[in-house]
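Have a look at the structure below, then the notes.
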Amino acid sequence: MSNAAESRFAPYVGRESAPLVVDVERGHIRRFAEAVGDTNPIYVDEAAARAAGHPRIPAPPTFAIALRANDPRGGIDLDWRKLLHGEQELVFARPLYAGDRLTIVGRIAGAAVKETKSGIMDVMVLETVATDGDGARVFTARSTVLVRR
Amino acid sequence: MSRAIATVHVGDTLPPVDKSPITTMQLVQYAGASGDFNRIHYDEPFAREGGFPSVIAHGMLSMGFFGQLVADWAGGPQHVARLAARFKAVTFPGDRVTVGGEVVARDEAAGTVELKLFARKQDGTVTLEGSATVRL
């Protein structure tokens, strides 16, 4: 990767979205598990979840990305046809449970330029952090998106 | 049942999971459930303007397959401390994706296991490379 200063996203690094309070809902977890085709009953059946030692219905790991922060990219010109998801990382302090109330903040954490075989790409790193009512971090989601020039 | 770390060894493979062929309806379901409404995943003319022959699947859908693979192998989502993916190739409706992985490191004192993951489609193309940290 080249110097971040060359990236058209560089001026936006550090920009943070207004915190958003979201509730983790069991119907949302069920629809997410269905879309993924994940048939583990703990995601849909409270008795199965309890039998597996969970206090409530847990969410599949990647459900975290369905809890969307307010978008910190407001006002940035993005062509969605040229946007590629390059990498994703999720770090969990604990699983998500139906009934959790979390505060989600999105942040533009990085910018760079990358030369690839399909041309020059502007790279943006988006970070989403979720905290619970005690202010403890529940998960961090780090997403690297590339936009073809 | 949670997996006991004493029974896990470097080089162990995770039983691969063969997913059903991706459908356009599934992409619409996933868009709704995930909140990713980029039209490239369900609007055919829009996807063609982007240079693709048809709509493309969300990369995160295949990462969801990683989540299923790792959580089921470890004994539940509470064991997944970290999950990461690099998106290498796109997936189209009709593609059949298989996910699998292997144990690459193990730290019994810390109670953690590192996994290397892959997703590939029917023609052998690797669509995602991934890694995970599992707490056992």
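By convention in this document, the chains of the structure tokens carry letters A, B, ... by their order, each chain's residues are numbered from 1, and ligands are numbered from 1 in the order they are shown.
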
Name all residues at most 12 Å from B:Gly76 (count only C-alpha atoms; drop same-chain ones fewer than 3 positions away) and give them as a PDB file with N, CA and C atoms, in the first residue's frame.
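Listed below is the output, around31.pdb:
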```pdb
ATOM      1  N   ASN A  40     -28.395 -24.398  13.170  1.00  0.00           N
ATOM      2  CA  ASN A  40     -28.208 -24.684  14.597  1.00  0.00           C
ATOM      3  C   ASN A  40     -29.442 -24.179  15.363  1.00  0.00           C
ATOM      4  N   PRO A  41     -30.146 -25.073  16.102  1.00  0.00           N
ATOM      5  CA  PRO A  41     -31.397 -24.655  16.751  1.00  0.00           C
ATOM      6  C   PRO A  41     -31.224 -23.603  17.843  1.00  0.00           C
ATOM      7  N   ILE A  42     -30.002 -23.437  18.370  1.00  0.00           N
ATOM      8  CA  ILE A  42     -29.825 -22.450  19.456  1.00  0.00           C
ATOM      9  C   ILE A  42     -30.142 -21.030  19.002  1.00  0.00           C
ATOM     10  N   TYR A  43     -30.118 -20.773  17.677  1.00  0.00           N
ATOM     11  CA  TYR A  43     -30.369 -19.423  17.179  1.00  0.00           C
ATOM     12  C   TYR A  43     -31.862 -19.114  17.023  1.00  0.00           C
ATOM     13  N   ALA A  48     -33.550 -24.930  23.229  1.00  0.00           N
ATOM     14  CA  ALA A  48     -32.284 -25.471  22.712  1.00  0.00           C
ATOM     15  C   ALA A  48     -31.114 -24.602  23.168  1.00  0.00           C
ATOM     16  N   ALA A  49     -31.322 -23.285  23.186  1.00  0.00           N
ATOM     17  CA  ALA A  49     -30.263 -22.362  23.632  1.00  0.00           C
ATOM     18  C   ALA A  49     -29.933 -22.616  25.096  1.00  0.00           C
ATOM     19  N   ALA A  51     -30.514 -25.355  26.836  1.00  0.00           N
ATOM     20  CA  ALA A  51     -29.928 -26.690  26.983  1.00  0.00           C
ATOM     21  C   ALA A  51     -28.438 -26.666  26.648  1.00  0.00           C
ATOM     22  N   ALA A  52     -28.040 -25.715  25.781  1.00  0.00           N
ATOM     23  CA  ALA A  52     -26.622 -25.597  25.415  1.00  0.00           C
ATOM     24  C   ALA A  52     -25.878 -24.655  26.355  1.00  0.00           C
ATOM     25  N   GLY A  53     -26.561 -24.201  27.412  1.00  0.00           N
ATOM     26  CA  GLY A  53     -25.884 -23.393  28.424  1.00  0.00           C
ATOM     27  C   GLY A  53     -25.984 -21.888  28.243  1.00  0.00           C
ATOM     28  N   HIS A  54     -26.820 -21.443  27.303  1.00  0.00           N
ATOM     29  CA  HIS A  54     -26.961 -19.998  27.073  1.00  0.00           C
ATOM     30  C   HIS A  54     -28.094 -19.421  27.924  1.00  0.00           C
ATOM     31  N   ILE A  57     -31.315 -16.620  23.736  1.00  0.00           N
ATOM     32  CA  ILE A  57     -30.918 -17.014  22.377  1.00  0.00           C
ATOM     33  C   ILE A  57     -29.673 -16.224  21.953  1.00  0.00           C
ATOM     34  N   PRO A  58     -28.591 -16.932  21.588  1.00  0.00           N
ATOM     35  CA  PRO A  58     -27.392 -16.225  21.124  1.00  0.00           C
ATOM     36  C   PRO A  58     -27.508 -15.904  19.633  1.00  0.00           C
ATOM     37  N   ALA A  59     -26.632 -15.022  19.173  1.00  0.00           N
ATOM     38  CA  ALA A  59     -26.591 -14.683  17.747  1.00  0.00           C
ATOM     39  C   ALA A  59     -25.395 -15.383  17.105  1.00  0.00           C
ATOM     40  N   PRO A  60     -25.520 -15.758  15.828  1.00  0.00           N
ATOM     41  CA  PRO A  60     -24.341 -16.292  15.121  1.00  0.00           C
ATOM     42  C   PRO A  60     -23.249 -15.215  15.084  1.00  0.00           C
ATOM     43  N   PRO A  61     -21.971 -15.613  15.027  1.00  0.00           N
ATOM     44  CA  PRO A  61     -20.885 -14.618  15.119  1.00  0.00           C
ATOM     45  C   PRO A  61     -21.034 -13.427  14.166  1.00  0.00           C
ATOM     46  N   ARG A  94     -17.588 -11.279  24.000  1.00  0.00           N
ATOM     47  CA  ARG A  94     -18.590 -12.278  24.398  1.00  0.00           C
ATOM     48  C   ARG A  94     -19.584 -12.396  23.245  1.00  0.00           C
ATOM     49  N   PRO A  95     -20.418 -13.470  23.271  1.00  0.00           N
ATOM     50  CA  PRO A  95     -21.420 -13.565  22.211  1.00  0.00           C
ATOM     51  C   PRO A  95     -22.528 -12.533  22.407  1.00  0.00           C
ATOM     52  N   LEU A  96     -23.263 -12.264  21.366  1.00  0.00           N
ATOM     53  CA  LEU A  96     -24.435 -11.381  21.459  1.00  0.00           C
ATOM     54  C   LEU A  96     -25.639 -12.233  21.825  1.00  0.00           C
TER      55      LEU A  96
ATOM     56  N   MET B   1     -22.065 -29.505  22.638  1.00  0.00           N
ATOM     57  CA  MET B   1     -20.975 -29.766  23.576  1.00  0.00           C
ATOM     58  C   MET B   1     -19.743 -28.957  23.201  1.00  0.00           C
ATOM     59  N   SER B   2     -19.165 -28.320  24.194  1.00  0.00           N
ATOM     60  CA  SER B   2     -17.927 -27.596  23.933  1.00  0.00           C
ATOM     61  C   SER B   2     -16.794 -28.585  23.707  1.00  0.00           C
ATOM     62  N   ARG B   3     -15.904 -28.185  22.837  1.00  0.00           N
ATOM     63  CA  ARG B   3     -14.765 -29.041  22.515  1.00  0.00           C
ATOM     64  C   ARG B   3     -13.684 -28.851  23.576  1.00  0.00           C
ATOM     65  N   GLY B  67     -18.705 -18.495  10.111  1.00  0.00           N
ATOM     66  CA  GLY B  67     -19.237 -18.413  11.469  1.00  0.00           C
ATOM     67  C   GLY B  67     -19.911 -19.714  11.871  1.00  0.00           C
ATOM     68  N   GLN B  68     -20.687 -20.261  10.939  1.00  0.00           N
ATOM     69  CA  GLN B  68     -21.380 -21.537  11.179  1.00  0.00           C
ATOM     70  C   GLN B  68     -20.360 -22.663  11.401  1.00  0.00           C
ATOM     71  N   LEU B  69     -19.377 -22.738  10.503  1.00  0.00           N
ATOM     72  CA  LEU B  69     -18.346 -23.785  10.579  1.00  0.00           C
ATOM     73  C   LEU B  69     -17.625 -23.752  11.926  1.00  0.00           C
ATOM     74  N   VAL B  70     -17.153 -22.557  12.305  1.00  0.00           N
ATOM     75  CA  VAL B  70     -16.312 -22.427  13.498  1.00  0.00           C
ATOM     76  C   VAL B  70     -17.134 -22.584  14.777  1.00  0.00           C
ATOM     77  N   ALA B  71     -18.315 -21.955  14.829  1.00  0.00           N
ATOM     78  CA  ALA B  71     -19.140 -22.049  16.043  1.00  0.00           C
ATOM     79  C   ALA B  71     -19.565 -23.496  16.272  1.00  0.00           C
ATOM     80  N   ASP B  72     -19.967 -24.186  15.208  1.00  0.00           N
ATOM     81  CA  ASP B  72     -20.402 -25.581  15.371  1.00  0.00           C
ATOM     82  C   ASP B  72     -19.237 -26.485  15.771  1.00  0.00           C
ATOM     83  N   TRP B  73     -18.076 -26.228  15.194  1.00  0.00           N
ATOM     84  CA  TRP B  73     -16.909 -27.058  15.529  1.00  0.00           C
ATOM     85  C   TRP B  73     -16.496 -26.856  16.990  1.00  0.00           C
ATOM     86  N   HIS B  79     -17.575 -19.469  21.912  1.00  0.00           N
ATOM     87  CA  HIS B  79     -16.156 -19.830  21.823  1.00  0.00           C
ATOM     88  C   HIS B  79     -15.399 -19.034  20.755  1.00  0.00           C
ATOM     89  N   VAL B  80     -16.117 -18.263  19.965  1.00  0.00           N
ATOM     90  CA  VAL B  80     -15.474 -17.541  18.860  1.00  0.00           C
ATOM     91  C   VAL B  80     -14.993 -16.182  19.367  1.00  0.00           C
ATOM     92  N   ALA B  81     -13.678 -16.039  19.508  1.00  0.00           N
ATOM     93  CA  ALA B  81     -13.096 -14.794  20.007  1.00  0.00           C
ATOM     94  C   ALA B  81     -12.787 -13.830  18.867  1.00  0.00           C
ATOM     95  N   VAL B 134     -10.278 -19.296  18.593  1.00  0.00           N
ATOM     96  CA  VAL B 134     -11.329 -19.969  19.347  1.00  0.00           C
ATOM     97  C   VAL B 134     -10.864 -20.100  20.799  1.00  0.00           C
ATOM     98  N   ARG B 135     -11.765 -19.755  21.719  1.00  0.00           N
ATOM     99  CA  ARG B 135     -11.483 -19.916  23.162  1.00  0.00           C
ATOM    100  C   ARG B 135     -12.112 -21.218  23.627  1.00  0.00           C
ATOM    101  N   LEU B 136     -11.291 -22.130  24.113  1.00  0.00           N
ATOM    102  CA  LEU B 136     -11.850 -23.403  24.587  1.00  0.00           C
ATOM    103  C   LEU B 136     -11.555 -23.591  26.075  1.00  0.00           C
TER     104      LEU B 136
END
```

TODO: Just the residues within 9 Å of B:Phe118, please, counting only C-alpha atoms, with nothing from its chain fewer than 6 positions along; format it as a list in words.
DONE: Phe66, Ala85, Thr98, Val99, Gly100, Gly101, Val126, Thr127, Leu128, Glu129, Gly130 and Ser131 of chain B

TODO: Please identify which residues in chain A DSSP calls strand (DSSP E) from the backbone, and express them as a VMD selection string.
DONE: chain A and resid 20 to 23 83 to 92 101 to 116 119 to 131 137 to 148

With a cut-off of 8 Å, could you pull out the residues of chain B touching chain A and give me the nearest pair of atoms for each, distance in Å to one decimal, using only C-alpha atoms, ordered by chain and ascending number, as JSON lines?
```
{"residue": "B:Met1", "atom": "CA", "partner": "A:Ala52", "partner_atom": "CA", "distance": 7.3}
{"residue": "B:Lys19", "atom": "CA", "partner": "A:Gly37", "partner_atom": "CA", "distance": 7.8}
{"residue": "B:Gln26", "atom": "CA", "partner": "A:Ala35", "partner_atom": "CA", "distance": 5.7}
{"residue": "B:Leu27", "atom": "CA", "partner": "A:Ala35", "partner_atom": "CA", "distance": 7.6}
{"residue": "B:Gln29", "atom": "CA", "partner": "A:Ala35", "partner_atom": "CA", "distance": 5.4}
{"residue": "B:Tyr30", "atom": "CA", "partner": "A:Ala35", "partner_atom": "CA", "distance": 5.0}
{"residue": "B:Ala33", "atom": "CA", "partner": "A:Phe32", "partner_atom": "CA", "distance": 4.9}
{"residue": "B:Ser34", "atom": "CA", "partner": "A:Ala66", "partner_atom": "CA", "distance": 4.2}
{"residue": "B:Gly35", "atom": "CA", "partner": "A:Ala66", "partner_atom": "CA", "distance": 5.9}
{"residue": "B:Asp36", "atom": "CA", "partner": "A:Ala66", "partner_atom": "CA", "distance": 8.0}
{"residue": "B:Asn38", "atom": "CA", "partner": "A:Trp80", "partner_atom": "CA", "distance": 6.7}
{"residue": "B:Arg39", "atom": "CA", "partner": "A:Trp80", "partner_atom": "CA", "distance": 7.9}
{"residue": "B:Ile40", "atom": "CA", "partner": "A:Arg81", "partner_atom": "CA", "distance": 6.6}
{"residue": "B:Phe46", "atom": "CA", "partner": "A:Arg81", "partner_atom": "CA", "distance": 7.4}
{"residue": "B:Ala47", "atom": "CA", "partner": "A:Arg81", "partner_atom": "CA", "distance": 6.9}
{"residue": "B:Glu49", "atom": "CA", "partner": "A:Arg81", "partner_atom": "CA", "distance": 7.3}
{"residue": "B:Gly50", "atom": "CA", "partner": "A:Arg81", "partner_atom": "CA", "distance": 4.7}
{"residue": "B:Gly59", "atom": "CA", "partner": "A:His85", "partner_atom": "CA", "distance": 7.0}
{"residue": "B:Met60", "atom": "CA", "partner": "A:Thr62", "partner_atom": "CA", "distance": 7.8}
{"residue": "B:Leu61", "atom": "CA", "partner": "A:Val36", "partner_atom": "CA", "distance": 6.2}
{"residue": "B:Met63", "atom": "CA", "partner": "A:Thr62", "partner_atom": "CA", "distance": 7.2}
{"residue": "B:Gly64", "atom": "CA", "partner": "A:Thr62", "partner_atom": "CA", "distance": 5.6}
{"residue": "B:Phe65", "atom": "CA", "partner": "A:Val36", "partner_atom": "CA", "distance": 6.8}
{"residue": "B:Gly67", "atom": "CA", "partner": "A:Pro61", "partner_atom": "CA", "distance": 5.5}
{"residue": "B:Gln68", "atom": "CA", "partner": "A:Asp38", "partner_atom": "CA", "distance": 6.2}
{"residue": "B:Ala71", "atom": "CA", "partner": "A:Pro61", "partner_atom": "CA", "distance": 7.7}
{"residue": "B:Asp72", "atom": "CA", "partner": "A:Asn40", "partner_atom": "CA", "distance": 7.9}
{"residue": "B:Pro77", "atom": "CA", "partner": "A:Pro61", "partner_atom": "CA", "distance": 6.0}
{"residue": "B:Gln78", "atom": "CA", "partner": "A:Pro95", "partner_atom": "CA", "distance": 5.1}
{"residue": "B:Val80", "atom": "CA", "partner": "A:Phe92", "partner_atom": "CA", "distance": 7.1}
{"residue": "B:Ala81", "atom": "CA", "partner": "A:Phe92", "partner_atom": "CA", "distance": 5.0}
{"residue": "B:Arg82", "atom": "CA", "partner": "A:Val91", "partner_atom": "CA", "distance": 4.4}
{"residue": "B:Leu83", "atom": "CA", "partner": "A:Leu90", "partner_atom": "CA", "distance": 5.2}
{"residue": "B:Ala84", "atom": "CA", "partner": "A:Glu89", "partner_atom": "CA", "distance": 4.1}
{"residue": "B:Ala85", "atom": "CA", "partner": "A:Gln88", "partner_atom": "CA", "distance": 5.3}
{"residue": "B:Arg86", "atom": "CA", "partner": "A:Glu87", "partner_atom": "CA", "distance": 4.4}
{"residue": "B:Phe87", "atom": "CA", "partner": "A:Gly86", "partner_atom": "CA", "distance": 5.3}
{"residue": "B:Lys88", "atom": "CA", "partner": "A:Gly86", "partner_atom": "CA", "distance": 7.7}
```

Can I get the selection written as a PDB file, in the first residue's frame, with C-alpha atoms?
```pdb
ATOM      1  CA  MET B   1     -20.975 -29.766  23.576  1.00  0.00           C
ATOM      2  CA  LYS B  19     -23.707 -25.176   1.613  1.00  0.00           C
ATOM      3  CA  GLN B  26     -31.189 -15.802  -0.322  1.00  0.00           C
ATOM      4  CA  LEU B  27     -29.333 -12.620  -1.303  1.00  0.00           C
ATOM      5  CA  GLN B  29     -33.037 -12.357   2.583  1.00  0.00           C
ATOM      6  CA  TYR B  30     -29.433 -11.626   3.527  1.00  0.00           C
ATOM      7  CA  ALA B  33     -31.285  -9.446   7.644  1.00  0.00           C
ATOM      8  CA  SER B  34     -27.847  -7.809   7.454  1.00  0.00           C
ATOM      9  CA  GLY B  35     -28.917  -4.319   6.415  1.00  0.00           C
ATOM     10  CA  ASP B  36     -26.526  -4.344   3.433  1.00  0.00           C
ATOM     11  CA  ASN B  38     -26.048  -2.411  -1.980  1.00  0.00           C
ATOM     12  CA  ARG B  39     -28.082  -2.962  -5.171  1.00  0.00           C
ATOM     13  CA  ILE B  40     -25.234  -4.978  -6.693  1.00  0.00           C
ATOM     14  CA  PHE B  46     -27.121  -2.324 -11.707  1.00  0.00           C
ATOM     15  CA  ALA B  47     -24.709  -5.261 -11.287  1.00  0.00           C
ATOM     16  CA  GLU B  49     -23.256  -1.665 -15.083  1.00  0.00           C
ATOM     17  CA  GLY B  50     -20.631  -2.577 -12.499  1.00  0.00           C
ATOM     18  CA  GLY B  59     -18.978 -11.531   0.775  1.00  0.00           C
ATOM     19  CA  MET B  60     -20.338 -11.409   4.305  1.00  0.00           C
ATOM     20  CA  LEU B  61     -22.770 -14.208   3.471  1.00  0.00           C
ATOM     21  CA  MET B  63     -18.190 -15.194   6.053  1.00  0.00           C
ATOM     22  CA  GLY B  64     -21.440 -16.224   7.736  1.00  0.00           C
ATOM     23  CA  PHE B  65     -20.651 -19.752   6.538  1.00  0.00           C
ATOM     24  CA  GLY B  67     -19.237 -18.413  11.469  1.00  0.00           C
ATOM     25  CA  GLN B  68     -21.380 -21.537  11.179  1.00  0.00           C
ATOM     26  CA  ALA B  71     -19.140 -22.049  16.043  1.00  0.00           C
ATOM     27  CA  ASP B  72     -20.402 -25.581  15.371  1.00  0.00           C
ATOM     28  CA  PRO B  77     -20.700 -18.982  19.235  1.00  0.00           C
ATOM     29  CA  GLN B  78     -19.474 -18.209  22.773  1.00  0.00           C
ATOM     30  CA  VAL B  80     -15.474 -17.541  18.860  1.00  0.00           C
ATOM     31  CA  ALA B  81     -13.096 -14.794  20.007  1.00  0.00           C
ATOM     32  CA  ARG B  82     -12.137 -13.557  16.551  1.00  0.00           C
ATOM     33  CA  LEU B  83     -13.183 -14.245  12.985  1.00  0.00           C
ATOM     34  CA  ALA B  84     -11.517 -12.736   9.931  1.00  0.00           C
ATOM     35  CA  ALA B  85     -11.849 -13.080   6.171  1.00  0.00           C
ATOM     36  CA  ARG B  86     -10.215 -11.841   3.008  1.00  0.00           C
ATOM     37  CA  PHE B  87     -12.531 -11.764   0.009  1.00  0.00           C
ATOM     38  CA  LYS B  88     -10.688 -13.228  -2.975  1.00  0.00           C
TER      39      LYS B  88
END
```

- [ ] Give the helix (DSSP H, G or I) residues of chain B, as DSSP finds them on the backbone, and put them as a ChimeraX atom specification.
- [x] /B:5-7,24-34,39-41,44-49,59-74,77-79

I need the residues from that last selection saved to file as a short mmCIF file (atom, residue, chain, number, x, y, z; two decimals), in the first residue's frame (with C-alpha atoms), if you can.
```
data_model
loop_
_atom_site.label_atom_id
_atom_site.label_comp_id
_atom_site.auth_asym_id
_atom_site.auth_seq_id
_atom_site.Cartn_x
_atom_site.Cartn_y
_atom_site.Cartn_z
CA ILE B 5 -8.67 -28.16 24.10
CA ALA B 6 -6.76 -31.32 25.18
CA THR B 7 -8.40 -33.16 22.28
CA THR B 24 -31.10 -14.72 -5.52
CA MET B 25 -33.84 -15.03 -2.91
CA GLN B 26 -31.19 -15.80 -0.32
CA LEU B 27 -29.33 -12.62 -1.30
CA VAL B 28 -32.53 -10.62 -0.78
CA GLN B 29 -33.04 -12.36 2.58
CA TYR B 30 -29.43 -11.63 3.53
CA ALA B 31 -29.73 -7.98 2.43
CA GLY B 32 -32.76 -7.58 4.69
CA ALA B 33 -31.28 -9.45 7.64
CA SER B 34 -27.85 -7.81 7.45
CA ARG B 39 -28.08 -2.96 -5.17
CA ILE B 40 -25.23 -4.98 -6.69
CA HIS B 41 -26.59 -7.93 -4.68
CA GLU B 44 -29.35 -7.24 -12.16
CA PRO B 45 -28.98 -4.16 -14.48
CA PHE B 46 -27.12 -2.32 -11.71
CA ALA B 47 -24.71 -5.26 -11.29
CA ARG B 48 -24.10 -5.39 -15.06
CA GLU B 49 -23.26 -1.66 -15.08
CA GLY B 59 -18.98 -11.53 0.78
CA MET B 60 -20.34 -11.41 4.31
CA LEU B 61 -22.77 -14.21 3.47
CA SER B 62 -19.81 -16.54 2.89
CA MET B 63 -18.19 -15.19 6.05
CA GLY B 64 -21.44 -16.22 7.74
CA PHE B 65 -20.65 -19.75 6.54
CA PHE B 66 -17.30 -19.41 8.36
CA GLY B 67 -19.24 -18.41 11.47
CA GLN B 68 -21.38 -21.54 11.18
CA LEU B 69 -18.35 -23.78 10.58
CA VAL B 70 -16.31 -22.43 13.50
CA ALA B 71 -19.14 -22.05 16.04
CA ASP B 72 -20.40 -25.58 15.37
CA TRP B 73 -16.91 -27.06 15.53
CA ALA B 74 -16.03 -25.26 18.79
CA PRO B 77 -20.70 -18.98 19.23
CA GLN B 78 -19.47 -18.21 22.77
CA HIS B 79 -16.16 -19.83 21.82
#
```

Open item on the list: Using only C-alpha atoms for the distances, tell me which of B:Ala57, B:Phe52, B:Arg96, B:Val103 is nearest to B:Arg120.
Closed with: B:Arg96

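Once B:Val8 and its same-chain neighbours fewer than 4 positions away are set aside, Arg3, Ala4, Asp12, Thr13, Val103, Ala105, Arg106, Glu108, Val113 and Leu136 of chain B remain within 10 Å of it when counting only C-alpha atoms.
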
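One distance worth recording is that between atom CA of B:Phe92 and atom CA of B:Ile22, which is 7.1 Å.
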
Task: A:Ser17 environment, 7 Å, only C-alpha atoms, sequence neighbours closer than 3 positions dropped, as number ranges by chain - done: A: 70-72, 105-107

Residues near stretch 11-14 of chain A, cut-off 6 Å, only C-alpha atoms, skip fewer than 4 positions along chain, as a short mmCIF file (atom, residue, chain, number, x, y, z; two decimals) with C-alpha atoms, in the first residue's frame:
```
data_model
loop_
_atom_site.label_atom_id
_atom_site.label_comp_id
_atom_site.auth_asym_id
_atom_site.auth_seq_id
_atom_site.Cartn_x
_atom_site.Cartn_y
_atom_site.Cartn_z
CA ILE A 108 -13.37 5.83 9.59
CA ALA A 109 -10.20 4.29 10.96
CA GLY A 110 -7.88 4.37 7.99
#
```

Task: Exercise: A:Asp134 partners within 12 Å, only C-alpha atoms, chain neighbours under 5 positions left out, as a PyMOL selection string - done: chain A and resi 100-103

Selection above as a file: C-alpha atoms, as an mmCIF file, in the first residue's frame:
```cif
data_model
loop_
_atom_site.group_PDB
_atom_site.id
_atom_site.type_symbol
_atom_site.label_atom_id
_atom_site.label_comp_id
_atom_site.auth_asym_id
_atom_site.auth_seq_id
_atom_site.Cartn_x
_atom_site.Cartn_y
_atom_site.Cartn_z
ATOM 1 C CA ASP A 100 -28.903 -7.087 24.646
ATOM 2 C CA ARG A 101 -29.027 -3.304 24.333
ATOM 3 C CA LEU A 102 -25.816 -2.002 22.782
ATOM 4 C CA THR A 103 -24.380 1.345 21.786
#
```

Task: Gap from atom CA of B:Ala132 to atom CA of A:Arg73 - Å, one decimal - done: 28.4 Å
